[in-house]
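Everything below concerns the one structure shown next.
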Amino acid sequence: MFSFFKKKNKIQYPDFFPIKSDMHSHILPGLDDGAPDVEASLQLIRGMMDLGIKKAVATPHIIDDLYRNNPSTINAALGLLQSELNKEGLDFEVSAAAEYMIDSHFLQLIKNRENLLTIKDNLILTEFSYASSPDDPFRICFEIIMAGYKPILAHPERYPYFNRNLKIYSKLSEQGFLFQVNLLSLTGYYGKDVAQAAVYLIENNMVAYLGTDLHHLRHLEALSDPKNRTLFHELLSHRSWNLF
Ligand SMILES: [Fe+2]
């Protein structure tokens, strides 16, 4: 599939992909704006395997008025996917957590001391709205920690109210947020401001995790693009990341 990497007379890094395990993906069938059905899930997983990824944590959105997922809907979709993987004989490890939008529903879960779906140990993946800045991200971070969890902030580089004010990142980090950068942010896939913020976070050693945030085939194509693979090599090959 990726024979086009083998161009001659040009430096290429066809075998380089920065992660072998992915802690942010939308590959569970029918839960959010990721894979709509199990066939699409398998297509995405085959693409991940082509990139050299061997295991993934599926992190469907939980958003109050949009995707009211919970441990039971998520575990049911995981079971369905797992049985299809077995039927197809695909050697790919998949587990499930969630990507929690920090909204009134999430704050209620925290207040009620509900058990949250963790990526691993007590790590939870959270996101903010793209549309408007949270009232007090520092207080929210404190409340998550007081509830016994460690918050990972998904794609901090993608929030417009943060990426135009780069100094906020060190404050969020000091408060306790761990940062997960999307690989495609580095390539300009989401725009120039996002790319600049992603590079800033990488160069200032503020990134704890990398992820694909894979939703659909367009993401897979961009991740596989030889130009982007070369960029990943140049930016990331001399660094190390937390893995799962
Ligand atoms: Fe996501």
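Within each chain, counting starts at residue 1; across the structure tokens, chains are named A, B, ... in the order shown, with ligands numbered 1 upward in that order.
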Exercise for review: Could you find all residues in range 40-229 of chain A that DSSP calls strand (DSSP E) from the backbone, and write them as JSON, numbers by chain?
Suggested key: {"A": [55, 56, 57, 58, 61, 62, 93, 94, 95, 96, 99, 100, 101, 123, 124, 125, 126, 127, 150, 151, 152, 153, 154, 178, 179, 180, 181, 182, 209, 210, 211]}
With C-alpha atoms retained, export the selected residues as a compact mmCIF listing (two decimals), in the first residue's frame.
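Output file selection-v4.txt follows:
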# COMPACT_ATOMS: atom_id res chain seq x y z
CA LYS A 55 -2.44 -1.19 20.14
CA ALA A 56 -4.92 1.60 20.71
CA VAL A 57 -7.13 3.04 23.40
CA ALA A 58 -10.47 3.97 21.88
CA HIS A 61 -16.49 11.54 23.05
CA ILE A 62 -18.71 12.03 26.06
CA GLU A 93 -4.88 -4.81 20.94
CA VAL A 94 -7.74 -2.45 21.69
CA SER A 95 -9.10 -1.13 24.98
CA ALA A 96 -11.57 1.63 25.74
CA GLU A 99 -12.64 11.70 25.84
CA TYR A 100 -14.55 13.75 28.41
CA MET A 101 -15.70 17.18 27.33
CA LEU A 123 -5.36 9.02 33.89
CA ILE A 124 -8.40 10.50 32.18
CA LEU A 125 -8.54 12.19 28.77
CA THR A 126 -10.36 15.53 28.77
CA GLU A 127 -11.10 18.20 26.21
CA LYS A 150 -4.88 12.89 36.70
CA PRO A 151 -6.19 14.92 33.76
CA ILE A 152 -4.67 14.70 30.30
CA LEU A 153 -5.75 17.62 28.15
CA ALA A 154 -6.37 16.44 24.57
CA LEU A 178 -0.68 16.63 31.15
CA PHE A 179 -0.67 17.49 27.46
CA GLN A 180 -1.46 15.20 24.52
CA VAL A 181 -0.64 16.65 21.11
CA ASN A 182 -2.25 15.36 17.92
CA TYR A 209 1.63 12.04 25.02
CA LEU A 210 1.20 11.93 21.26
CA GLY A 211 -1.96 10.59 19.67
Return as a tab-separated table the residues of chain A lying at most 9 Å from ligand 1, together with the closest atom-to-atom pair for each and the distance in Å to one decimal, counting only C-alpha atoms and all ligand atoms, with rows in chain order and ascending residue number.
residue	atom	partner	partner_atom_place_in_ligand_line	distance
A:His24	CA	ligand 1	1 (Fe)	6.1
A:Ser25	CA	ligand 1	1 (Fe)	6.1
A:His26	CA	ligand 1	1 (Fe)	6.5
A:Gly34	CA	ligand 1	1 (Fe)	8.7
A:Thr59	CA	ligand 1	1 (Fe)	6.8
A:Pro60	CA	ligand 1	1 (Fe)	7.1
A:His61	CA	ligand 1	1 (Fe)	6.8
A:Ala98	CA	ligand 1	1 (Fe)	8.8
A:Glu99	CA	ligand 1	1 (Fe)	6.3
A:Glu127	CA	ligand 1	1 (Fe)	8.0
A:Ala154	CA	ligand 1	1 (Fe)	7.0
A:His155	CA	ligand 1	1 (Fe)	8.1
A:Asn182	CA	ligand 1	1 (Fe)	8.9
A:Thr212	CA	ligand 1	1 (Fe)	8.4
A:Asp213	CA	ligand 1	1 (Fe)	4.7
A:Leu214	CA	ligand 1	1 (Fe)	7.3
A:His215	CA	ligand 1	1 (Fe)	7.7
Closest atom pairs, range 49-147 of chain A residues within 12 Å of range 220-231 of chain A, only C-alpha atoms, as CSV:
residue,atom,partner,partner_atom,distance
A:Met49,CA,A:Leu220,CA,10.9
A:Asp50,CA,A:Ser224,CA,8.8
A:Leu51,CA,A:Ser224,CA,7.0
A:Gly52,CA,A:Ser224,CA,10.7
A:Ile53,CA,A:Leu223,CA,11.8
Exercise for review: Fewer than 3 positions away in the same chain doesn't count, so skip those; otherwise give me all residues within 7 Å of Gly176 in chain A, counting only C-alpha atoms, as a ChimeraX atom specification.
Suggested key: /A:141,172-173
Point to revise | CA of Asp135 in chain A to CA of Lys171 in chain A, distance in Å rounded to a single decimal | key: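 Value for the CA of Asp135 in chain A-CA of Lys171 in chain A distance: 15.0 Å.
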Practice item. Name the residues in contact with Ser170 in chain A at a cut-off of 10 Å, using only C-alpha atoms, excluding same-chain residues fewer than 6 positions from it; report them as a PyMOL selection string. Key: chain A and resi 176-177+201+204+206
For the selection you just gave me, I'd like the residues written to a file as an mmCIF file, in the first residue's frame, keeping N, CA and C atoms.
data_model
loop_
_atom_site.group_PDB
_atom_site.id
_atom_site.type_symbol
_atom_site.label_atom_id
_atom_site.label_comp_id
_atom_site.auth_asym_id
_atom_site.auth_seq_id
_atom_site.Cartn_x
_atom_site.Cartn_y
_atom_site.Cartn_z
ATOM 1 N N GLY A 176 -1.374 21.015 36.718
ATOM 2 C CA GLY A 176 -1.516 19.558 36.754
ATOM 3 C C GLY A 176 -2.016 18.900 35.486
ATOM 4 N N PHE A 177 -2.342 19.691 34.473
ATOM 5 C CA PHE A 177 -2.742 19.067 33.204
ATOM 6 C C PHE A 177 -1.524 18.464 32.514
ATOM 7 N N LEU A 201 4.933 23.500 21.899
ATOM 8 C CA LEU A 201 4.799 22.552 23.016
ATOM 9 C C LEU A 201 5.858 21.456 22.940
ATOM 10 N N ASN A 204 9.340 22.916 23.745
ATOM 11 C CA ASN A 204 9.494 23.277 25.158
ATOM 12 C C ASN A 204 9.281 22.079 26.087
ATOM 13 N N MET A 206 6.905 20.071 26.687
ATOM 14 C CA MET A 206 5.697 20.098 27.516
ATOM 15 C C MET A 206 4.717 18.993 27.131
#
Practice item. Rounded to one decimal place, report the CA of Ala131 in chain A-CA of Pro160 in chain A distance in Å. Key: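 CA of Pro160 in chain A lies at a distance of 8.1 Å from CA of Ala131 in chain A.
A straight line drawn from CA of Leu109 in chain A to CA of Ile140 in chain A is 12.6 Å long.
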Might you pull out every residue within 9 Å of Ile63 in chain A, with only C-alpha atoms counted and same-chain residues fewer than 3 positions away left off, and present them as a short mmCIF file (atom, residue, chain, number, x, y, z; two decimals) with N, CA and C atoms, in the first residue's frame?
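Output file result10.cif follows:
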data_model
loop_
_atom_site.label_atom_id
_atom_site.label_comp_id
_atom_site.auth_asym_id
_atom_site.auth_seq_id
_atom_site.Cartn_x
_atom_site.Cartn_y
_atom_site.Cartn_z
N LEU A 66 -24.63 16.01 23.13
CA LEU A 66 -24.31 15.49 21.79
C LEU A 66 -24.05 13.98 21.79
N TYR A 67 -23.11 13.55 22.62
CA TYR A 67 -22.75 12.13 22.68
C TYR A 67 -22.80 11.69 24.14
N ARG A 68 -24.00 11.24 24.58
CA ARG A 68 -24.16 10.85 25.97
C ARG A 68 -23.69 9.41 26.18
N ASN A 69 -22.44 9.16 25.86
CA ASN A 69 -21.91 7.82 26.09
C ASN A 69 -21.63 7.60 27.56
N GLU A 99 -13.15 10.33 25.89
CA GLU A 99 -12.64 11.70 25.84
C GLU A 99 -13.75 12.57 26.43
N TYR A 100 -13.52 13.01 27.66
CA TYR A 100 -14.55 13.75 28.41
C TYR A 100 -14.50 15.24 28.07
N MET A 101 -15.56 15.73 27.48
CA MET A 101 -15.70 17.18 27.33
C MET A 101 -15.93 17.78 28.71
N ILE A 102 -15.18 18.82 29.03
CA ILE A 102 -15.39 19.46 30.33
C ILE A 102 -16.59 20.40 30.21
N ASP A 103 -17.74 19.87 30.59
CA ASP A 103 -19.01 20.60 30.52
C ASP A 103 -19.81 20.30 31.79
N HIS A 105 -22.19 18.25 32.38
CA HIS A 105 -22.36 16.81 32.61
C HIS A 105 -21.11 16.23 33.29
N PHE A 106 -19.95 16.59 32.75
CA PHE A 106 -18.70 16.09 33.32
C PHE A 106 -18.53 16.57 34.77
#
Exercise for review: as a PyMOL selection string, please: all residues of range 61-217 of chain A that backbone DSSP puts in alpha helix (DSSP H).
Suggested key: chain A and resi 71-88+104-111+137-146+160-163+168-175+192-203+217
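Here the question is which of A:Asn122, A:Ser185, A:Asn115, A:Ser240 gets nearest to Arg158 in chain A using only C-alpha atoms, and that residue is A:Ser185.
Residues surrounding His238 in chain A within 12 Å are Phe16, Pro18, Ile202, Glu203, Phe232, His233, Glu234, Leu235 and Trp241 of chain A [only C-alpha atoms; sequence separation below 3 positions excluded].
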Emit the selected residues as a compact mmCIF listing (two decimals), in the first residue's frame, including N, CA and C atoms.
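Contents of part06.txt, as written:
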# COMPACT_ATOMS: atom_id res chain seq x y z
N PHE A 16 9.46 5.43 9.54
CA PHE A 16 9.33 6.13 10.82
C PHE A 16 7.90 6.54 11.11
N PRO A 18 6.04 7.86 14.85
CA PRO A 18 6.53 8.12 16.22
C PRO A 18 5.91 7.28 17.32
N ILE A 202 6.11 20.97 21.72
CA ILE A 202 7.13 19.92 21.54
C ILE A 202 8.51 20.49 21.92
N GLU A 203 8.82 21.67 21.37
CA GLU A 203 10.17 22.23 21.58
C GLU A 203 10.41 22.65 23.02
N PHE A 232 7.45 14.18 10.75
CA PHE A 232 7.42 13.51 12.06
C PHE A 232 8.84 13.07 12.45
N HIS A 233 9.56 12.53 11.45
CA HIS A 233 10.91 12.07 11.73
C HIS A 233 11.77 13.23 12.20
N GLU A 234 11.69 14.34 11.47
CA GLU A 234 12.55 15.48 11.79
C GLU A 234 12.21 16.09 13.15
N LEU A 235 10.94 16.16 13.47
CA LEU A 235 10.54 16.82 14.72
C LEU A 235 10.59 15.89 15.93
N TRP A 241 8.44 9.40 24.40
CA TRP A 241 7.09 9.71 24.85
C TRP A 241 6.63 8.69 25.87
Check your understanding: Smallest atom-to-atom distance to Met48 in chain A: which of A:Lys192, A:Lys87, A:Arg113, A:Lys20, using only C-alpha atoms?
Key ->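 Counting only C-alpha atoms, the residue closest to Met48 in chain A is A:Lys20.
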